[in-house]
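The next block is query.txt, given as compact mmCIF, C-alpha atoms and all ligand atoms.
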# COMPACT_ATOMS: atom_id res chain seq x y z
CA MET A 1 -38.70 -6.49 -166.92
CA GLY A 2 -35.52 -8.49 -167.49
CA PHE A 3 -36.39 -9.63 -170.95
CA LEU A 4 -37.56 -6.19 -172.00
CA SER A 5 -34.21 -4.61 -171.46
CA SER A 6 -32.22 -7.39 -173.00
CA TYR A 7 -32.15 -8.26 -176.63
CA LEU A 8 -31.73 -11.27 -178.78
CA LEU A 9 -31.33 -11.39 -182.49
CA CYS A 10 -30.86 -14.57 -184.36
CA LEU A 11 -29.33 -14.09 -187.76
CA PHE A 12 -28.32 -17.02 -189.87
CA LEU A 13 -26.57 -15.38 -192.72
CA SER A 14 -25.33 -18.21 -194.85
CA LEU A 15 -27.37 -18.03 -198.07
CA PRO A 16 -27.29 -14.99 -200.31
CA TRP A 17 -30.81 -14.58 -201.72
CA ALA A 18 -30.88 -11.69 -204.07
CA TYR A 19 -27.83 -9.84 -205.29
CA GLY A 20 -26.28 -8.08 -202.32
CA GLN A 21 -28.93 -9.24 -199.86
CA LEU A 22 -27.97 -11.48 -196.97
CA VAL A 23 -31.57 -12.56 -196.33
CA PRO A 24 -34.64 -12.53 -198.59
CA ALA A 25 -36.92 -10.45 -196.40
CA LEU A 26 -37.26 -8.46 -193.20
CA PHE A 27 -40.47 -8.18 -191.18
CA ILE A 28 -40.95 -5.57 -188.49
CA PHE A 29 -43.50 -5.44 -185.67
CA GLY A 30 -43.95 -3.26 -182.61
CA ASP A 31 -44.41 0.36 -181.55
CA SER A 32 -43.07 3.82 -182.42
CA VAL A 33 -39.47 2.61 -182.21
CA MET A 34 -40.19 0.62 -185.40
CA ASP A 35 -43.11 2.43 -187.11
CA VAL A 36 -42.18 3.85 -190.55
CA GLY A 37 -45.56 5.40 -191.32
CA ASN A 38 -48.39 3.01 -190.56
CA ASN A 39 -49.89 5.50 -188.11
CA ASN A 40 -50.12 8.10 -190.92
CA HIS A 41 -53.12 6.11 -192.09
CA LEU A 42 -54.91 5.91 -188.73
CA PRO A 43 -57.17 8.38 -186.89
CA THR A 44 -54.64 8.58 -184.02
CA LEU A 45 -52.82 11.61 -182.63
CA ILE A 46 -49.65 9.55 -182.25
CA LYS A 47 -47.98 10.45 -185.56
CA ALA A 48 -44.69 11.84 -186.79
CA ASN A 49 -45.42 12.80 -190.39
CA PHE A 50 -44.75 16.52 -190.02
CA PRO A 51 -41.64 18.67 -189.40
CA PRO A 52 -39.32 18.67 -187.61
CA TYR A 53 -39.53 14.83 -187.82
CA GLY A 54 -37.48 13.60 -190.75
CA ARG A 55 -35.36 16.75 -190.76
CA ASP A 56 -32.21 14.71 -191.46
CA PHE A 57 -33.91 11.96 -193.52
CA PHE A 58 -33.64 11.70 -197.34
CA ASN A 59 -34.87 14.98 -198.89
CA HIS A 60 -35.57 16.17 -195.32
CA THR A 61 -38.93 14.39 -195.56
CA PRO A 62 -41.13 13.54 -192.58
CA THR A 63 -42.36 9.99 -193.18
CA GLY A 64 -43.92 8.93 -189.90
CA ARG A 65 -40.61 7.75 -188.44
CA PHE A 66 -40.16 8.99 -184.87
CA SER A 67 -36.65 10.26 -185.53
CA ASN A 68 -34.76 13.15 -187.05
CA GLY A 69 -33.48 10.62 -189.59
CA LYS A 70 -33.31 6.86 -189.84
CA ILE A 71 -34.65 4.43 -187.27
CA SER A 72 -32.75 1.28 -186.30
CA ALA A 73 -34.86 -0.89 -188.65
CA ASP A 74 -33.64 1.22 -191.60
CA ILE A 75 -30.02 0.77 -190.61
CA ILE A 76 -30.49 -2.97 -190.10
CA ALA A 77 -32.11 -3.23 -193.55
CA GLU A 78 -29.17 -1.37 -195.10
CA THR A 79 -26.65 -3.58 -193.32
CA LEU A 80 -28.44 -6.72 -194.52
CA GLY A 81 -28.02 -5.40 -198.05
CA PHE A 82 -31.54 -4.29 -198.95
CA ALA A 83 -31.59 -1.58 -201.62
CA SER A 84 -34.81 -0.10 -200.22
CA TYR A 85 -36.65 -0.11 -196.91
CA GLN A 86 -39.50 -2.44 -196.07
CA PRO A 87 -42.68 -0.45 -196.79
CA ALA A 88 -45.20 0.50 -194.10
CA TYR A 89 -47.88 -2.12 -194.65
CA LEU A 90 -50.73 0.42 -194.70
CA SER A 91 -48.97 2.68 -197.23
CA SER A 92 -49.61 2.76 -200.96
CA GLU A 93 -46.05 1.50 -201.57
CA ALA A 94 -46.90 -1.84 -199.96
CA LYS A 95 -47.97 -3.63 -203.10
CA GLY A 96 -46.71 -5.95 -205.83
CA GLU A 97 -42.99 -6.65 -206.03
CA ASN A 98 -42.29 -4.19 -203.20
CA LEU A 99 -43.75 -6.77 -200.83
CA LEU A 100 -41.07 -9.32 -201.68
CA ILE A 101 -38.46 -7.75 -199.38
CA GLY A 102 -40.83 -7.95 -196.40
CA ALA A 103 -42.96 -5.29 -194.79
CA ASN A 104 -43.26 -3.13 -191.70
CA PHE A 105 -46.36 -3.71 -189.55
CA ALA A 106 -45.35 -1.62 -186.52
CA SER A 107 -47.61 1.07 -185.12
CA ALA A 108 -46.62 3.87 -182.74
CA ALA A 109 -48.24 3.61 -179.27
CA SER A 110 -48.94 -0.08 -179.71
CA GLY A 111 -47.75 -2.56 -177.13
CA TYR A 112 -47.91 -6.01 -175.59
CA TYR A 113 -51.00 -4.98 -173.63
CA GLU A 114 -53.84 -4.83 -176.16
CA PRO A 115 -55.65 -1.85 -174.54
CA THR A 116 -52.48 0.28 -174.90
CA ALA A 117 -52.92 0.25 -178.66
CA ASN A 118 -56.70 0.49 -178.54
CA SER A 119 -56.77 3.55 -176.27
CA ASN A 120 -54.28 5.29 -178.57
CA LEU A 121 -56.12 4.20 -181.76
CA ALA A 122 -52.98 2.37 -182.83
CA ILE A 123 -52.66 -1.14 -184.31
CA PRO A 124 -52.54 -3.80 -181.57
CA LEU A 125 -50.03 -6.62 -182.01
CA SER A 126 -52.88 -9.06 -182.68
CA LYS A 127 -53.98 -6.90 -185.61
CA GLN A 128 -50.36 -6.58 -186.78
CA LEU A 129 -50.38 -10.37 -186.99
CA ASP A 130 -53.67 -10.31 -188.93
CA ASN A 131 -52.07 -7.87 -191.36
CA TYR A 132 -49.07 -10.18 -191.63
CA LYS A 133 -51.40 -13.10 -192.47
CA GLU A 134 -53.02 -10.99 -195.17
CA TYR A 135 -49.53 -10.11 -196.42
CA GLN A 136 -48.69 -13.82 -196.69
CA GLY A 137 -51.68 -14.32 -198.98
CA LYS A 138 -50.59 -11.45 -201.22
CA VAL A 139 -47.04 -12.78 -201.51
CA ALA A 140 -48.29 -16.28 -202.32
CA GLU A 141 -50.32 -14.77 -205.18
CA ILE A 142 -47.19 -13.15 -206.59
CA ILE A 143 -44.57 -15.92 -206.27
CA GLY A 144 -46.60 -19.04 -205.51
CA ALA A 145 -47.24 -20.82 -202.21
CA ALA A 146 -43.98 -22.84 -202.10
CA ASN A 147 -41.74 -19.85 -202.80
CA ALA A 148 -43.71 -17.79 -200.30
CA THR A 149 -43.19 -20.38 -197.55
CA SER A 150 -39.47 -20.33 -198.20
CA LEU A 151 -39.36 -16.52 -198.17
CA LEU A 152 -41.29 -16.36 -194.91
CA SER A 153 -39.21 -18.97 -193.09
CA SER A 154 -35.88 -17.51 -194.25
CA GLY A 155 -36.75 -13.91 -193.48
CA ILE A 156 -35.76 -12.10 -190.32
CA TYR A 157 -38.42 -10.88 -187.89
CA LEU A 158 -37.81 -7.89 -185.65
CA LEU A 159 -40.06 -7.02 -182.73
CA SER A 160 -39.76 -4.00 -180.47
CA ALA A 161 -42.50 -3.12 -177.99
CA GLY A 162 -43.09 -2.51 -174.31
CA ASN A 163 -42.15 1.15 -173.88
CA SER A 164 -45.61 2.43 -174.80
CA ASP A 165 -47.23 -0.03 -172.42
CA PHE A 166 -45.60 1.88 -169.59
CA VAL A 167 -45.13 5.43 -170.85
CA GLN A 168 -48.37 5.80 -172.78
CA ASN A 169 -50.52 3.61 -170.57
CA TYR A 170 -49.48 2.20 -167.18
CA TYR A 171 -47.81 5.33 -165.78
CA ILE A 172 -50.64 7.62 -166.78
CA ASN A 173 -53.64 5.34 -166.26
CA PRO A 174 -54.85 5.22 -162.63
CA LEU A 175 -57.18 2.32 -163.35
CA LEU A 176 -54.22 0.29 -164.48
CA ASN A 177 -51.58 1.32 -161.96
CA SER A 178 -53.94 0.88 -159.03
CA ALA A 179 -54.96 -2.57 -160.27
CA TYR A 180 -51.44 -3.92 -160.84
CA THR A 181 -47.99 -3.37 -159.39
CA PRO A 182 -45.29 -2.75 -162.01
CA ASP A 183 -44.16 -6.37 -161.57
CA GLN A 184 -47.67 -7.73 -162.07
CA PHE A 185 -48.12 -5.55 -165.14
CA SER A 186 -44.74 -6.73 -166.45
CA ASN A 187 -45.90 -10.32 -166.02
CA ILE A 188 -48.93 -9.62 -168.19
CA LEU A 189 -46.66 -8.11 -170.82
CA VAL A 190 -44.36 -11.13 -170.70
CA GLN A 191 -47.27 -13.53 -171.18
CA ASN A 192 -48.57 -11.52 -174.13
CA TYR A 193 -45.08 -11.35 -175.56
CA ALA A 194 -44.70 -15.15 -175.32
CA GLN A 195 -48.07 -15.63 -177.02
CA PHE A 196 -47.12 -13.24 -179.83
CA ILE A 197 -43.88 -15.13 -180.50
CA LYS A 198 -45.75 -18.45 -180.52
CA ASP A 199 -48.33 -17.09 -182.95
CA LEU A 200 -45.63 -15.66 -185.19
CA TYR A 201 -43.81 -18.98 -185.14
CA GLY A 202 -47.07 -20.75 -185.94
CA LEU A 203 -47.39 -18.53 -189.02
CA GLY A 204 -43.99 -19.65 -190.33
CA ALA A 205 -41.47 -17.26 -188.79
CA ARG A 206 -38.23 -18.89 -187.64
CA LYS A 207 -35.65 -16.12 -187.13
CA ILE A 208 -37.05 -13.73 -184.56
CA GLY A 209 -35.20 -10.88 -182.84
CA VAL A 210 -36.70 -8.99 -179.90
CA THR A 211 -35.68 -5.68 -178.38
CA THR A 212 -36.88 -2.58 -176.67
CA LEU A 213 -35.01 0.56 -177.52
CA PRO A 214 -33.90 2.32 -175.43
CA PRO A 215 -34.05 1.48 -171.67
CA ILE A 216 -37.26 3.02 -170.44
CA GLY A 217 -35.79 4.78 -167.40
CA CYS A 218 -33.62 6.90 -169.67
CA LEU A 219 -36.42 8.45 -171.72
CA PRO A 220 -36.44 12.25 -171.27
CA THR A 221 -40.22 12.22 -170.82
CA VAL A 222 -39.90 9.66 -168.06
CA LEU A 223 -37.09 11.58 -166.38
CA THR A 224 -39.14 14.77 -166.57
CA LEU A 225 -42.51 13.47 -165.48
CA PHE A 226 -41.73 10.59 -163.20
CA GLY A 227 -38.82 11.60 -161.05
CA SER A 228 -35.20 12.21 -160.82
CA GLY A 229 -34.01 9.39 -163.04
CA LYS A 230 -30.76 7.56 -162.72
CA MET A 231 -27.59 8.68 -164.46
CA GLU A 232 -26.36 5.10 -164.86
CA CYS A 233 -28.83 4.57 -167.66
CA VAL A 234 -26.83 6.86 -169.88
CA GLU A 235 -23.28 5.92 -169.00
CA ARG A 236 -22.91 3.62 -171.99
CA LEU A 237 -23.68 6.51 -174.28
CA ASN A 238 -21.74 9.23 -172.55
CA ARG A 239 -19.70 10.31 -175.56
CA PHE A 240 -22.71 12.39 -176.49
CA THR A 241 -22.93 15.79 -175.09
CA GLU A 242 -26.62 15.81 -174.18
CA THR A 243 -28.15 12.69 -172.70
CA ARG A 244 -31.13 13.81 -170.65
CA ARG A 245 -33.01 16.14 -172.95
CA GLY A 246 -34.39 15.50 -176.42
CA CYS A 247 -33.39 17.73 -179.31
CA CYS A 248 -36.94 18.71 -180.27
CA GLY A 249 -38.42 21.75 -178.50
CA THR A 250 -37.50 22.08 -174.84
CA GLY A 251 -36.48 18.42 -174.99
CA LEU A 252 -38.32 17.66 -171.77
CA VAL A 253 -41.60 16.09 -172.91
CA GLU A 254 -42.17 16.86 -176.58
CA THR A 255 -43.09 13.93 -178.74
CA SER A 256 -45.56 13.37 -181.58
CA ILE A 257 -47.91 16.41 -181.93
CA LEU A 258 -45.98 18.30 -179.24
CA CYS A 259 -42.86 18.09 -181.39
CA ASN A 260 -44.11 20.18 -184.31
CA PRO A 261 -43.20 23.10 -186.58
CA LEU A 262 -43.80 25.56 -183.71
CA SER A 263 -41.43 23.77 -181.35
CA SER A 264 -38.88 23.84 -184.20
CA VAL A 265 -38.01 27.38 -183.18
CA ILE A 266 -36.17 26.05 -180.13
CA THR A 267 -35.22 22.65 -181.54
CA CYS A 268 -31.50 21.96 -181.40
CA THR A 269 -29.48 22.51 -184.55
CA ASN A 270 -27.45 19.29 -184.51
CA ALA A 271 -29.35 16.18 -183.42
CA SER A 272 -26.16 14.10 -183.59
CA GLU A 273 -25.12 15.77 -180.34
CA TYR A 274 -28.20 14.37 -178.62
CA VAL A 275 -29.04 10.84 -177.48
CA PHE A 276 -32.74 11.59 -177.85
CA TRP A 277 -34.45 13.26 -180.75
CA ASP A 278 -37.72 13.82 -178.87
CA GLY A 279 -39.10 12.94 -175.45
CA PHE A 280 -39.32 9.22 -176.25
CA HIS A 281 -37.15 8.45 -179.22
CA PRO A 282 -33.42 8.17 -179.96
CA SER A 283 -31.74 10.37 -182.54
CA GLU A 284 -30.48 8.81 -185.76
CA ALA A 285 -26.93 8.90 -184.35
CA VAL A 286 -28.01 6.69 -181.45
CA ASN A 287 -30.16 4.48 -183.67
CA GLN A 288 -26.95 3.76 -185.56
CA ILE A 289 -25.27 2.58 -182.35
CA LEU A 290 -28.30 0.55 -181.28
CA ALA A 291 -28.55 -1.12 -184.69
CA ASN A 292 -24.84 -1.94 -184.62
CA ASN A 293 -25.23 -3.52 -181.16
CA LEU A 294 -28.16 -5.60 -182.37
CA LEU A 295 -26.33 -6.77 -185.46
CA THR A 296 -23.21 -7.59 -183.45
CA ALA A 297 -25.29 -9.65 -181.02
CA GLY A 298 -26.88 -11.44 -183.97
CA PHE A 299 -23.57 -12.22 -185.64
CA ALA A 300 -22.06 -13.45 -182.35
CA LEU A 301 -24.83 -16.01 -182.04
CA ILE A 302 -23.90 -17.76 -185.27
CA SER A 303 -20.16 -18.00 -184.71
C1 LIG B 401 -40.42 -20.05 -207.48
O1 LIG B 401 -39.04 -20.30 -207.33
C2 LIG B 401 -38.49 -21.02 -208.41
C3 LIG B 401 -37.10 -21.45 -208.04
O2 LIG B 401 -36.39 -20.42 -207.40
C4 LIG B 401 -38.57 -20.17 -209.66
O3 LIG B 401 -38.00 -20.85 -210.75
C5 LIG B 401 -40.02 -19.85 -209.94
O4 LIG B 401 -40.12 -18.97 -211.03
C6 LIG B 401 -40.69 -19.22 -208.72
N1 LIG B 401 -42.11 -19.13 -208.95
C7 LIG B 401 -42.75 -17.99 -209.11
C8 LIG B 401 -44.22 -18.06 -209.31
O5 LIG B 401 -42.17 -16.91 -209.03
C1 LIG B 402 -22.97 17.45 -185.45
O1 LIG B 402 -22.40 16.81 -184.31
C2 LIG B 402 -21.60 15.70 -184.65
C3 LIG B 402 -21.23 15.00 -183.33
O2 LIG B 402 -20.64 15.90 -182.43
C4 LIG B 402 -20.40 16.16 -185.47
O3 LIG B 402 -19.58 15.04 -185.80
C5 LIG B 402 -20.90 16.85 -186.72
O4 LIG B 402 -19.81 17.37 -187.44
C6 LIG B 402 -21.87 17.97 -186.37
N1 LIG B 402 -22.46 18.48 -187.60
C7 LIG B 402 -22.47 19.77 -187.89
C8 LIG B 402 -23.13 20.13 -189.20
O5 LIG B 402 -21.99 20.62 -187.16

Turn this file's structure into structure tokens for me.
Amino acid sequence: MGFLSSYLLCLFLSLPWAYGQLVPALFIFGDSVMDVGNNNHLPTLIKANFPPYGRDFFNHTPTGRFSNGKISADIIAETLGFASYQPAYLSSEAKGENLLIGANFASAASGYYEPTANSNLAIPLSKQLDNYKEYQGKVAEIIGAANATSLLSSGIYLLSAGNSDFVQNYYINPLLNSAYTPDQFSNILVQNYAQFIKDLYGLGARKIGVTTLPPIGCLPTVLTLFGSGKMECVERLNRFTETRRGCCGTGLVETSILCNPLSSVITCTNASEYVFWDGFHPSEAVNQILANNLLTAGFALIS
């Protein structure tokens, strides 16, 4: 699990590409930590395109982001100088010129273990790569093959996965947790992770950052369902008043369809006072801190 809890982000921010932008494009892969609405277009139950999701987003609009407001990918895009967010690849916005700032391929409940995504009707990482290949073709049609190659190799790639493999698969799937110990299952995830990075590199990516957000043992759902949890997981974030419960509903397990307009009745009034927005996902306030940490790590690597 070592690599899953650590992060690495390589940013080489020397060439300004478009006015105000530090890099030409940003590409995002992974699970619900990164999904900005791809699952809205899938027959899965793992969605977040209804209230109270998006309560603190622009126009208070639920978009499919698993947050009360922005996710860390949004904040990273803003910090890199993008004037708009990379569109969800399956959305109607992902066309024409909009594609030239990159795209978001992430799908909630996806993971490094292919069956995690399949059993949740989400987009497996292999299919996210297929979509990325298709994306490359579209961009080449717009700006030509040579310009596309340059865009793709200069862009930044963000990957966040692994939480769903445990929370939405291993922990709840007796076939899986009787077949593998957590360490053995982690090894499978690591192998699949390594393969994904190789494949992405083979497709032209050069600047790849990897993270899982946040540490899995701190998720309210995990604390509620799987034991007493350890307080040390939250020490780094202890300026927030509530660290063990999510804001949505009772804050103990609610996520996706369980965090809905009915649970809004008991949803907290100020999500900034909570580390977690729902049972799995950080609030916007914490996404801001996580994004800052990622960016700081990335900048430190180039100095
Ligand atoms: C490719 O890039 C060059 C140089 O930046 C530019 O002049 C040209 O218009 C671009 N080609 C297309 C098809 O956009
Ligand atoms: C919400 O909580 C944050 C953090 O404690 C605080 O800074 C902010 O003023 C609060 N917002 C409202 C509307 O009370």

Restricting the calculation to all atoms listed in the file: of A:Ala285, A:Ala108, A:Ala161, A:Ala145, which residue gets closest to ligand LIG 402 (chain B)? A:Ala285

With all atoms listed in the file counted, which protein, DNA or RNA residues have an atom no more than 12 Å from (-40.9, -20.9, -199.5) in the file frame? Please answer as a ChimeraX atom specification. /A:24-25,100,136,139-140,143-155,204-205

Within 10 Å of ligand LIG 402 (chain B), which residues of chain A come that close, and what is the closest atom pair and distance in Å for each? Count all atoms listed in the file and give it as CSV.
residue,atom,partner,partner_atom,distance
A:Arg239,CA,B:LIG402,O2,8.9
A:Phe240,CA,B:LIG402,O2,7.2
A:Thr241,CA,B:LIG402,O2,7.7
A:Thr269,CA,B:LIG402,O5,8.2
A:Asn270,CA,B:LIG402,C1,4.9
A:Ala271,CA,B:LIG402,C1,6.8
A:Ser272,CA,B:LIG402,O1,4.7
A:Glu273,CA,B:LIG402,O1,4.9
A:Tyr274,CA,B:LIG402,C3,8.4
A:Ala285,CA,B:LIG402,C3,8.4

Find the residues around A:Val265 up to 12 Å (all atoms listed in the file counted), leave out those fewer than 6 positions away in its own chain, and share them as a list in words.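 The residues that qualify are Pro51, Pro52, Cys247, Cys248, Gly249, Thr250 and Cys259 of chain A.
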
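Omitting A:Ser164 and its sequence neighbours fewer than 5 positions away, and counting only C-alpha atoms, the residues within 10 Å are Gly30, Asp31, Ser32, Val33, Ala108, Ala109, Ser110, Gly111, Tyr112, Tyr113, Thr116, Ala117, Asn120, Asn169, Tyr170, Tyr171, Ile216 and Phe280 of chain A.
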
Of the residues A:Glu134, A:Glu97, A:Asp278, A:Glu114, which is the one nearest to ligand LIG 401 (chain B), using all atoms listed in the file?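 Closest residue, counting all atoms listed in the file: A:Glu97.
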
Padded axis-aligned box of ligand LIG 401 (chain B) (5 Å per side), centre and edge lengths, Å, one decimal, as AutoDock Vina command-line options:
--center_x -40.3 --center_y -19.2 --center_z -209.2 --size_x 17.8 --size_y 14.5 --size_z 13.7

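Shortest atom-to-atom contact with ligand LIG 401 (chain B) among A:Ile28, A:Met34, A:Ala73, A:Ile142: A:Ile142, counting all atoms listed in the file.
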
For the point (-34.6, -2.4, -198.2) in the file's frame, write as number ranges by chain all residues with an atom no more than 10 Å away, counting all atoms listed in the file. A: 21, 25-26, 73-87, 98, 101-103

Mind giving me the straight-line distance from atom CA of A:Gly69 to atom CA of A:Arg55 in Å, one decimal? 6.5 Å

Minimum-distance residue to A:Ser72, chosen among A:Asn260, A:Arg206, A:Val36, A:Ala179 (using all atoms listed in the file):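 Closest candidate: A:Val36.
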
Which residue, A:Asn173, A:Pro182, A:Gln191, A:Ser256, has the smallest gap to A:Asn39 when you use all atoms listed in the file?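 Smallest distance to A:Asn39 is found for A:Ser256.
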
Using only C-alpha atoms for the distances, tell me which of A:Leu158, A:Leu175, A:Leu125, A:Val167 is nearest to A:Leu294. A:Leu158

Can you measure atom CA of A:Lys47 to atom CA of A:Thr211 for me? One decimal in Å is fine.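 Taking atom CA of A:Lys47 and atom CA of A:Thr211, their separation equals 21.5 Å.
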
Mind giving me the straight-line distance from atom CA of A:Lys207 to atom C7 of ligand LIG 401 (chain B) in Å, one decimal?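 Straight-line distance from atom CA of A:Lys207 to atom C7 of ligand LIG 401 (chain B) works out to 23.2 Å.
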